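my_file_37.txt (compact mmCIF, C-alpha atoms) appears below.
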```
# COMPACT_ATOMS: atom_id res chain seq x y z
CA MET A 9 145.42 82.26 99.77
CA LEU A 10 144.00 79.90 102.39
CA ASP A 11 143.25 82.92 104.58
CA TYR A 12 141.23 84.44 101.75
CA LEU A 13 139.20 81.23 101.29
CA ILE A 14 138.51 80.96 105.03
CA GLY A 15 137.40 84.59 105.05
CA TRP A 16 135.12 83.98 102.06
CA ILE A 17 133.42 81.04 103.79
CA LEU A 18 133.13 83.08 106.99
CA GLY A 19 131.54 85.91 104.99
CA LEU A 20 128.89 83.60 103.57
CA ILE A 21 127.99 82.24 106.99
CA THR A 22 127.91 85.60 108.77
CA GLY A 23 126.01 87.22 105.91
CA LEU A 24 123.18 84.78 106.47
CA LEU A 25 123.19 85.28 110.25
CA PRO A 26 121.56 88.51 111.51
CA GLY A 27 123.62 90.89 113.61
CA LEU A 28 127.11 89.77 112.59
CA HIS A 29 128.46 92.82 110.77
CA PRO A 30 131.73 92.49 108.81
CA ASN A 31 133.21 95.56 110.52
CA THR A 32 132.66 93.93 113.90
CA LEU A 33 134.26 90.71 112.69
CA ALA A 34 137.16 92.65 111.17
CA ALA A 35 137.84 94.13 114.60
CA VAL A 36 137.96 90.58 116.02
CA ILE A 37 140.26 89.38 113.21
CA ALA A 38 142.60 92.27 113.99
CA GLN A 39 143.23 90.76 117.43
CA THR A 40 144.28 87.34 116.10
CA ASP A 41 147.84 86.04 115.70
CA LEU A 42 147.65 85.88 111.91
CA SER A 43 150.24 87.68 109.80
CA ASN A 44 149.30 91.13 108.54
CA GLU A 45 148.92 89.75 105.01
CA GLY A 46 146.70 86.95 106.32
CA LYS A 47 144.48 89.40 108.19
CA ALA A 48 144.04 91.58 105.08
CA LEU A 49 143.18 88.59 102.87
CA LEU A 50 140.77 87.21 105.47
CA ILE A 51 138.94 90.54 105.74
CA ILE A 52 138.66 91.06 101.97
CA GLY A 53 137.45 87.49 101.42
CA MET A 54 134.88 87.90 104.17
CA ALA A 55 133.61 91.23 102.82
CA SER A 56 133.18 89.89 99.28
CA ALA A 57 130.92 86.99 100.27
CA ASN A 58 129.14 88.86 103.05
CA ILE A 59 127.90 91.65 100.78
CA ILE A 60 125.93 89.16 98.65
CA ALA A 61 124.72 86.91 101.46
CA SER A 62 123.43 89.88 103.47
CA PHE A 63 121.18 90.91 100.57
CA ILE A 64 119.62 87.44 100.56
CA LEU A 65 118.99 87.74 104.30
CA ALA A 66 117.37 91.15 103.81
CA ILE A 67 115.13 89.97 100.95
CA PHE A 68 113.76 86.80 102.52
CA PHE A 69 113.87 87.61 106.23
CA GLY A 70 113.86 91.42 106.34
CA VAL A 71 117.00 91.72 108.47
CA PRO A 72 119.29 94.50 107.15
CA ASP A 73 122.64 96.11 107.77
CA GLU A 74 123.47 99.71 106.88
CA ASN A 75 123.98 98.80 103.22
CA THR A 76 120.96 96.56 102.65
CA VAL A 77 118.53 98.42 104.91
CA LEU A 78 116.48 99.86 102.03
CA SER A 79 116.56 96.66 99.98
CA ILE A 80 114.20 95.01 102.46
CA LEU A 81 111.42 97.36 101.37
CA PRO A 82 111.18 96.22 97.71
CA GLY A 83 112.78 92.84 98.43
CA GLN A 84 110.29 91.80 101.07
CA ARG A 85 107.38 93.10 99.00
CA MET A 86 108.47 90.78 96.22
CA THR A 87 108.89 87.86 98.65
CA LEU A 88 105.41 88.41 100.07
CA ALA A 89 104.11 88.43 96.48
CA GLY A 90 105.84 85.12 95.79
CA LYS A 91 108.58 86.78 93.72
CA GLY A 92 111.51 86.36 96.10
CA LEU A 93 113.44 84.31 93.55
CA THR A 94 113.13 87.14 91.03
CA ALA A 95 114.40 89.61 93.65
CA MET A 96 117.33 87.30 94.36
CA ARG A 97 118.09 86.98 90.64
CA ILE A 98 118.11 90.78 90.26
CA VAL A 99 120.53 91.18 93.18
CA ILE A 100 122.89 88.48 91.91
CA PHE A 101 122.88 89.74 88.31
CA SER A 102 123.35 93.35 89.46
CA ALA A 103 126.26 92.41 91.72
CA ALA A 104 127.98 90.37 89.00
CA LEU A 105 127.62 92.97 86.25
CA THR A 106 128.63 95.79 88.61
CA SER A 107 131.78 93.91 89.62
CA ILE A 108 132.87 93.41 86.01
CA LEU A 109 132.15 96.99 84.94
CA CYS A 110 133.89 98.46 88.00
CA ILE A 111 137.07 96.52 87.24
CA LEU A 112 137.03 97.92 83.69
CA LEU A 113 136.72 101.43 85.18
CA PHE A 114 139.21 100.88 87.99
CA ILE A 115 142.40 102.12 86.28
CA PRO A 116 140.78 105.40 85.09
CA SER A 117 139.38 105.92 88.60
CA LEU A 118 142.91 106.15 89.99
CA ASP A 119 143.34 109.42 88.09
CA LEU A 120 139.78 110.71 88.48
CA PHE A 121 139.37 110.48 92.26
CA PRO A 122 142.11 112.98 93.24
CA LEU A 123 140.87 115.46 90.62
CA ILE A 124 137.18 115.30 91.59
CA TYR A 125 137.73 115.18 95.35
CA GLU A 126 139.82 118.35 95.39
CA ASN A 127 137.03 120.25 93.62
CA ILE A 128 134.04 119.09 95.70
CA LYS A 129 135.34 118.62 99.25
CA GLY A 130 134.52 122.21 100.25
CA TYR A 131 130.86 121.87 99.23
CA ILE A 132 130.00 118.41 100.53
CA LYS A 133 128.09 119.56 103.63
CA TYR A 134 125.83 121.85 101.61
CA ILE A 135 125.13 119.11 99.09
CA VAL A 136 124.08 116.72 101.87
CA LEU A 137 121.85 119.34 103.53
CA PHE A 138 120.10 120.15 100.25
CA LEU A 139 119.46 116.49 99.48
CA ALA A 140 118.06 115.84 102.97
CA LEU A 141 115.64 118.79 102.77
CA PHE A 142 114.55 117.82 99.27
CA MET A 143 113.87 114.25 100.41
CA ILE A 144 111.54 115.51 103.17
CA ILE A 145 109.72 118.08 101.02
CA ARG A 146 109.11 115.47 98.33
CA SER A 147 107.40 113.14 100.84
CA LYS A 148 103.66 112.35 100.66
CA ASN A 149 103.26 114.02 104.07
CA PRO A 150 106.16 116.43 104.67
CA PHE A 151 105.18 117.19 108.29
CA TYR A 152 105.12 113.56 109.43
CA ALA A 153 108.19 112.88 107.29
CA PHE A 154 110.06 115.67 109.10
CA VAL A 155 108.99 114.34 112.51
CA VAL A 156 110.15 110.81 111.65
CA PHE A 157 113.37 112.10 110.07
CA LEU A 158 114.15 114.24 113.15
CA ALA A 159 113.26 111.50 115.65
CA ALA A 160 115.40 109.00 113.77
CA GLY A 161 118.24 111.52 113.73
CA CYS A 162 118.06 112.02 117.50
CA LEU A 163 118.04 108.27 118.05
CA GLY A 164 120.93 107.85 115.63
CA TYR A 165 122.95 110.57 117.34
CA TYR A 166 122.43 108.89 120.71
CA SER A 167 123.32 105.49 119.29
CA PHE A 168 126.58 106.69 117.74
CA HIS A 169 127.61 108.39 120.99
CA ALA A 170 126.58 105.57 123.32
CA ASP A 171 129.93 103.76 123.11
CA LEU A 172 128.40 100.69 121.48
CA ASN A 173 130.47 98.03 119.74
CA ASP A 174 128.07 98.08 116.78
CA PRO A 175 125.64 101.04 116.82
CA PHE A 176 124.04 99.98 113.52
CA LEU A 177 122.79 96.67 114.92
CA PRO A 178 120.12 97.95 117.38
CA LEU A 179 119.34 100.99 115.25
CA PHE A 180 118.51 99.32 111.93
CA SER A 181 117.34 96.00 113.33
CA GLY A 182 114.70 97.85 115.32
CA MET A 183 113.63 100.40 112.71
CA PHE A 184 113.39 97.98 109.82
CA ALA A 185 113.81 94.30 110.65
CA ILE A 186 111.61 93.91 113.72
CA ALA A 187 108.77 95.97 112.22
CA SER A 188 108.91 93.82 109.08
CA LEU A 189 109.07 90.59 111.07
CA LEU A 190 106.04 91.59 113.15
CA THR A 191 104.16 92.14 109.91
CA ILE A 192 105.16 88.71 108.68
CA THR A 193 103.63 87.06 111.74
CA LYS A 194 100.24 88.25 110.54
CA SER A 195 100.63 87.02 106.97
CA ARG A 196 101.94 83.76 105.55
CA ILE A 197 104.82 83.93 103.12
CA PRO A 198 103.57 82.26 99.94
CA LYS A 199 105.40 79.64 97.94
CA GLN A 200 107.96 81.39 95.77
CA LYS A 201 107.32 81.34 92.03
CA LYS A 202 109.93 80.63 89.38
CA GLU A 203 112.08 83.70 88.77
CA GLU A 204 111.46 86.05 85.87
CA MET A 205 114.22 87.11 83.48
CA LEU A 206 114.43 90.87 83.94
CA GLU A 207 118.14 91.49 83.43
CA LEU A 208 117.83 93.94 80.54
CA GLU A 209 115.49 96.17 82.56
CA THR A 210 118.06 96.50 85.33
CA VAL A 211 121.09 97.52 83.23
CA PRO A 212 120.40 101.32 83.23
CA TRP A 213 119.95 101.26 87.03
CA ILE A 214 123.11 99.23 87.48
CA ILE A 215 125.05 101.85 85.53
CA CYS A 216 123.39 104.59 87.61
CA GLY A 217 124.37 102.72 90.78
CA ILE A 218 128.00 102.53 89.66
CA VAL A 219 128.07 106.30 89.16
CA LEU A 220 126.52 106.86 92.60
CA GLY A 221 128.86 104.32 94.19
CA PHE A 222 131.79 106.17 92.60
CA LEU A 223 130.59 109.40 94.23
CA ALA A 224 129.71 107.73 97.53
CA VAL A 225 133.27 106.79 98.43
CA MET A 226 134.23 110.48 98.38
CA LEU A 227 131.48 111.64 100.75
CA PRO A 228 132.35 111.48 104.46
CA GLY A 229 129.76 109.86 106.68
CA ILE A 230 127.22 109.12 103.95
CA SER A 231 128.93 106.35 102.06
CA SER A 232 126.47 103.57 102.89
CA ALA A 233 124.47 102.33 99.92
CA ALA A 234 121.20 102.91 101.77
CA GLN A 235 121.95 106.60 102.29
CA ILE A 236 122.92 107.18 98.67
CA ALA A 237 119.85 105.27 97.45
CA SER A 238 117.56 107.27 99.74
CA PHE A 239 118.91 110.49 98.23
CA ALA A 240 118.49 109.09 94.71
CA ALA A 241 114.87 108.23 95.50
CA ALA A 242 114.21 111.91 96.13
CA PHE A 243 114.97 112.69 92.50
CA ILE A 244 114.16 109.49 90.61
CA PHE A 245 110.96 107.44 90.64
CA LEU A 246 112.17 103.97 91.47
CA GLU A 247 110.07 100.85 91.08
CA THR A 248 110.78 97.65 92.98
CA ILE A 249 113.05 96.10 90.36
CA SER A 250 115.05 99.25 89.65
CA TYR A 251 115.48 99.97 93.37
CA LEU A 252 116.96 96.53 94.04
CA ALA A 253 119.33 96.84 91.08
CA LEU A 254 120.36 100.35 92.13
CA ILE A 255 121.13 99.61 95.77
CA THR A 256 122.98 96.39 94.91
CA SER A 257 125.09 98.22 92.35
CA ILE A 258 125.90 101.03 94.80
CA SER A 259 126.89 98.54 97.52
CA VAL A 260 129.29 96.58 95.32
CA SER A 261 130.75 99.51 93.36
CA GLN A 262 131.60 101.60 96.40
CA VAL A 263 133.65 98.75 97.87
CA VAL A 264 135.52 98.19 94.60
CA PHE A 265 136.23 101.91 94.23
CA SER A 266 137.22 102.20 97.90
CA PHE A 267 140.45 100.37 96.99
CA SER A 268 141.11 103.20 94.54
CA THR A 269 140.35 106.01 97.01
CA ILE A 270 142.48 104.54 99.79
CA ALA A 271 145.36 104.39 97.30
CA THR A 272 144.91 107.87 95.78
CA ILE A 273 143.29 110.24 98.30
CA ASN A 274 143.98 108.14 101.42
CA LYS A 275 140.25 107.88 102.19
CA ALA A 276 138.49 104.57 102.79
CA ARG A 277 134.80 105.20 103.39
CA VAL A 278 134.17 101.44 103.60
CA GLY A 279 134.92 99.90 106.98
CA THR A 280 136.34 96.59 105.77
CA THR A 281 138.63 98.34 103.28
CA ALA A 282 139.92 100.59 106.06
CA TRP A 283 140.62 97.53 108.22
CA ALA A 284 142.39 95.74 105.37
CA GLY A 285 144.43 98.88 104.74
CA GLN A 286 145.83 98.65 108.26
CA PHE A 287 147.46 95.31 107.46
CA ALA A 288 148.38 95.62 103.78
CA ASN A 289 149.83 98.35 101.57
CA ILE A 290 146.85 98.64 99.23
CA ALA A 291 148.36 101.67 97.48
CA GLN A 292 151.16 99.45 96.18
CA ASP A 293 148.75 97.40 94.01
CA PRO A 294 145.11 98.52 94.46
CA LEU A 295 143.93 96.64 91.35
CA PHE A 296 145.06 93.32 92.88
CA PHE A 297 142.95 93.88 96.00
CA ALA A 298 139.97 95.04 93.94
CA LEU A 299 140.22 91.88 91.84
CA LEU A 300 140.29 89.76 94.99
CA PHE A 301 137.08 91.37 96.16
CA VAL A 302 135.38 91.03 92.76
CA PHE A 303 136.35 87.36 92.48
CA GLY A 304 134.74 86.70 95.87
CA VAL A 305 131.56 88.55 94.86
CA LEU A 306 131.25 86.54 91.64
CA ALA A 307 131.89 83.24 93.42
CA ALA A 308 129.33 84.01 96.15
CA SER A 309 126.77 85.10 93.55
CA PHE A 310 127.21 81.86 91.61
CA LEU A 311 126.96 79.65 94.71
CA LEU A 312 123.88 81.36 96.15
CA TYR A 313 122.15 81.23 92.77
CA LEU A 314 122.71 77.47 92.68
CA LEU A 315 121.21 77.20 96.19
CA ARG A 316 118.26 79.52 95.49
CA TYR A 317 115.53 76.86 95.69
CA LYS A 318 116.85 75.47 98.98
CA ILE A 319 116.85 78.98 100.46
CA THR A 320 113.20 79.57 99.53
CA LYS A 321 112.16 76.27 101.11
CA ILE A 322 113.47 77.53 104.45
CA VAL A 323 111.53 80.79 104.07
CA VAL A 324 108.11 79.18 103.63
CA LEU A 325 108.49 76.45 106.27
CA ASN A 326 106.73 78.36 109.03
CA SER A 327 107.02 82.10 108.68
CA GLU A 328 105.49 82.86 112.10
CA LYS A 329 107.97 80.70 113.98
CA ILE A 330 110.90 81.97 111.91
CA ALA A 331 109.86 85.58 112.56
CA PHE A 332 109.56 84.97 116.30
CA LEU A 333 112.93 83.20 116.43
CA LEU A 334 114.60 85.99 114.46
CA ILE A 335 113.21 88.69 116.76
CA ALA A 336 114.40 86.76 119.83
CA TYR A 337 117.78 86.16 118.18
CA LEU A 338 118.20 89.86 117.31
CA PHE A 339 117.56 90.94 120.88
CA PHE A 340 119.92 88.23 122.16
CA ILE A 341 122.78 89.09 119.78
CA CYS A 342 122.21 92.79 120.47
CA PHE A 343 122.58 92.15 124.20
CA LEU A 344 125.79 90.18 123.64
CA ILE A 345 127.35 92.84 121.40
CA ASP A 346 125.95 96.12 122.78
CA GLY A 347 124.58 95.27 126.23
CA LEU A 348 121.54 96.82 127.91
CA ASN A 349 122.07 100.16 126.18
CA GLY A 350 121.80 98.37 122.86
CA ILE A 351 118.55 96.72 123.97
CA LEU A 352 117.15 100.14 124.91
CA ILE A 353 118.04 101.58 121.50
CA MET A 354 116.62 98.55 119.71
CA GLY A 355 113.35 98.91 121.63
CA LEU A 356 113.04 102.63 120.85
CA SER A 357 113.96 102.15 117.20
CA SER A 358 111.39 99.34 116.90
CA ILE A 359 108.68 101.69 118.19
CA LEU A 360 109.78 104.40 115.76
CA GLY A 361 109.79 101.93 112.87
CA TRP A 362 106.30 100.71 113.79
CA LEU A 363 104.97 104.29 114.05
CA THR A 364 106.46 105.10 110.65
CA ILE A 365 104.43 102.28 109.11
CA ARG A 366 101.28 103.36 110.97
CA LEU A 367 101.68 106.98 109.83
CA ASN A 368 102.16 105.82 106.24
CA VAL A 369 105.47 107.66 106.00
CA GLU A 370 108.15 106.50 103.56
CA ARG A 371 110.58 104.38 105.54
CA THR A 372 113.46 106.05 103.75
CA GLN A 373 112.88 108.96 106.18
CA LEU A 374 114.29 106.70 108.90
CA MET A 375 117.67 107.21 107.25
CA GLY A 376 117.70 110.47 109.20
CA ALA A 377 119.34 108.24 111.81
CA ILE A 378 122.55 108.55 109.81
CA ILE A 379 121.99 111.72 107.81
CA ILE A 380 121.41 114.04 110.80
CA PRO A 381 124.53 112.88 112.73
CA THR A 382 126.47 113.26 109.48
CA LEU A 383 125.24 116.85 109.03
CA LEU A 384 126.11 117.67 112.64
CA LEU A 385 129.59 116.31 112.03
CA LEU A 386 130.06 118.16 108.74
CA PHE A 387 128.85 121.48 110.21
CA LYS A 388 130.78 120.80 113.46
CA ILE A 389 127.72 121.05 115.72
CA PHE A 390 127.45 119.20 119.08
CA LEU A 391 130.83 117.54 118.68
```

Could I get this structure in the form of structure tokens?
Amino acid sequence: MLDYLIGWILGLITGLLPGLHPNTLAAVIAQTDLSNEGKALLIIGMASANIIASFILAIFFGVPDENTVLSILPGQRMTLAGKGLTAMRIVIFSAALTSILCILLFIPSLDLFPLIYENIKGYIKYIVLFLALFMIIRSKNPFYAFVVFLAAGCLGYYSFHADLNDPFLPLFSGMFAIASLLTITKSRIPKQKKEEMLELETVPWIICGIVLGFLAVMLPGISSAAQIASFAAAFIFLETISYLALITSISVSQVVFSFSTIATINKARVGTTAWAGQFANIAQDPLFFALLFVFGVLAASFLLYLLRYKITKIVVLNSEKIAFLLIAYLFFICFLIDGLNGILIMGLSSILGWLTIRLNVERTQLMGAIIIPTLLLLFKIFL
């Protein structure tokens, strides 16, 4: 289990460093001389800690990945209001409760997934199209929302076909992180207040997130928590607290349930689960691998909660310098991973993200960057 522990520590570190996505690291791990079992344990350990640490990064510094990208909107609002500790508490509680509930539901899911998937797979593309249109129509300004959604989709399509090592890095870092960081340079991050106890308010949204996470692992191309949450926002009025609880619950539950889907319908919509499945026979004992992941999530949640005050001290040291350093770091790491093409995409996505803020359009419309390429794939257009 030493490989698992090393992976868990690696997941914590990389989760707190922008631009180091677990799927990219899994690809690196695959090239090592470790045994197949060691590679699988390392990847699962890394994924379990990374999923929690990346939320903390998104809340306090506004740097997302494809799962946490929408959490920076409510999370950073709370941080700028001095309530970052409360946001962190919500994420940690939501992740812990989701993990426990998903394990209780895991055995029944082994029978449910094959049954449900067979009945919905023929209608998935129409469901996605309907949800996308509804999300635009429901916007405060449908015309600008459509323009942003379409522009993001074009940029996303280019990014996914540009032969990049990590297409999400320049895309989401530009659209969300850099725009947020530029805003921070004009306003000081206040001292963070003591966290509020809001656990009971989050429970209904955690349960809702588990249901959505369950569905997410059956939908091709739209299994990221941010995409599912953006669709949910089209139907449900979500406040800051409920949004954080929902997206955290979706993120954790879809990974837990992905061990069930890879074992039953041979579909792993989560990148790290797919990588682990290349080196271990997950179908032989999917509950064991799910428990490994849940244990790592609970351990990371406990550790980061203990360190919460130290984390907030870093945030308020000098927000302008931190923002500048993070922007420089993001461009540097993007160049190392994706080269000049990645820098171009990051620049264009930063402009689009800035314009979205200026036009007062909901930033969830930027998720067109994934939704439009997904629709093109589902309808077999421009393949």

If we count only C-alpha atoms, what is near A:Asp119 at a cut-off of 12 Å, once residues fewer than 3 positions away on the same chain are taken out, given as a CSV table (one decimal) with C-alpha atoms, in the frame of the given file?
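Saved to part.csv:
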```csv
chain,number,residue,atom,x,y,z
A,113,LEU,CA,136.7,101.4,85.2
A,114,PHE,CA,139.2,100.9,88.0
A,115,ILE,CA,142.4,102.1,86.3
A,116,PRO,CA,140.8,105.4,85.1
A,122,PRO,CA,142.1,113.0,93.2
A,123,LEU,CA,140.9,115.5,90.6
A,124,ILE,CA,137.2,115.3,91.6
A,125,TYR,CA,137.7,115.2,95.4
A,268,SER,CA,141.1,103.2,94.5
A,269,THR,CA,140.4,106.0,97.0
A,271,ALA,CA,145.4,104.4,97.3
A,272,THR,CA,144.9,107.9,95.8
A,273,ILE,CA,143.3,110.2,98.3
```

Handout entry: Distance criterion (all atoms listed in the file): nearest to A:Ile341 out of A:Gly83, A:Pro150, A:Gly355, A:Pro178
Key = A:Pro178

Exercise for the section: Enter the distance from atom CA of A:Ala298 to atom CA of A:Ala284, in Å, rounded to one decimal. Expected result: 11.7 Å

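Counting only C-alpha atoms, the residue from A:Leu227, A:Ala34, A:Val155, A:Leu42 that sits nearest to A:Leu374 is A:Val155.
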
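For the set A:Ile335, A:Leu172, A:Ala224, A:Leu367, the residue with the smallest atom-to-atom gap to A:Val136 is A:Ala224, counting all atoms listed in the file.
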
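Using only C-alpha atoms, the shortest contact distance between A:Ile249 and any of A:Phe296, A:Phe180, A:Trp213, A:Phe142 is found at A:Trp213.
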
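For the pair atom CA of A:Gln200 and atom CA of A:Lys91, the separation is 5.8 Å.
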
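As for atom CA of A:Leu179 and atom CA of A:Gly19, they are spaced 21.9 Å apart.
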
Exercise for the section: Name the residues within 12 Å of (120.4, 80.7, 95.1), counting only C-alpha atoms in the file's coordinates, and put them as an MDAnalysis selection string. Expected result: chainID A and resid 60:61 63:65 68 92:101 202:203 307:321

Create the file for the chosen residues now, containing C-alpha atoms and written as a PDB file, in the coordinates of the input.
```pdb
ATOM      1  CA  ILE A  60     125.930  89.160  98.650  1.00  0.00           C
ATOM      2  CA  ALA A  61     124.720  86.910 101.460  1.00  0.00           C
ATOM      3  CA  PHE A  63     121.180  90.910 100.570  1.00  0.00           C
ATOM      4  CA  ILE A  64     119.620  87.440 100.560  1.00  0.00           C
ATOM      5  CA  LEU A  65     118.990  87.740 104.300  1.00  0.00           C
ATOM      6  CA  PHE A  68     113.760  86.800 102.520  1.00  0.00           C
ATOM      7  CA  GLY A  92     111.510  86.360  96.100  1.00  0.00           C
ATOM      8  CA  LEU A  93     113.440  84.310  93.550  1.00  0.00           C
ATOM      9  CA  THR A  94     113.130  87.140  91.030  1.00  0.00           C
ATOM     10  CA  ALA A  95     114.400  89.610  93.650  1.00  0.00           C
ATOM     11  CA  MET A  96     117.330  87.300  94.360  1.00  0.00           C
ATOM     12  CA  ARG A  97     118.090  86.980  90.640  1.00  0.00           C
ATOM     13  CA  ILE A  98     118.110  90.780  90.260  1.00  0.00           C
ATOM     14  CA  VAL A  99     120.530  91.180  93.180  1.00  0.00           C
ATOM     15  CA  ILE A 100     122.890  88.480  91.910  1.00  0.00           C
ATOM     16  CA  PHE A 101     122.880  89.740  88.310  1.00  0.00           C
ATOM     17  CA  LYS A 202     109.930  80.630  89.380  1.00  0.00           C
ATOM     18  CA  GLU A 203     112.080  83.700  88.770  1.00  0.00           C
ATOM     19  CA  ALA A 307     131.890  83.240  93.420  1.00  0.00           C
ATOM     20  CA  ALA A 308     129.330  84.010  96.150  1.00  0.00           C
ATOM     21  CA  SER A 309     126.770  85.100  93.550  1.00  0.00           C
ATOM     22  CA  PHE A 310     127.210  81.860  91.610  1.00  0.00           C
ATOM     23  CA  LEU A 311     126.960  79.650  94.710  1.00  0.00           C
ATOM     24  CA  LEU A 312     123.880  81.360  96.150  1.00  0.00           C
ATOM     25  CA  TYR A 313     122.150  81.230  92.770  1.00  0.00           C
ATOM     26  CA  LEU A 314     122.710  77.470  92.680  1.00  0.00           C
ATOM     27  CA  LEU A 315     121.210  77.200  96.190  1.00  0.00           C
ATOM     28  CA  ARG A 316     118.260  79.520  95.490  1.00  0.00           C
ATOM     29  CA  TYR A 317     115.530  76.860  95.690  1.00  0.00           C
ATOM     30  CA  LYS A 318     116.850  75.470  98.980  1.00  0.00           C
ATOM     31  CA  ILE A 319     116.850  78.980 100.460  1.00  0.00           C
ATOM     32  CA  THR A 320     113.200  79.570  99.530  1.00  0.00           C
ATOM     33  CA  LYS A 321     112.160  76.270 101.110  1.00  0.00           C
TER      34      LYS A 321
END
```
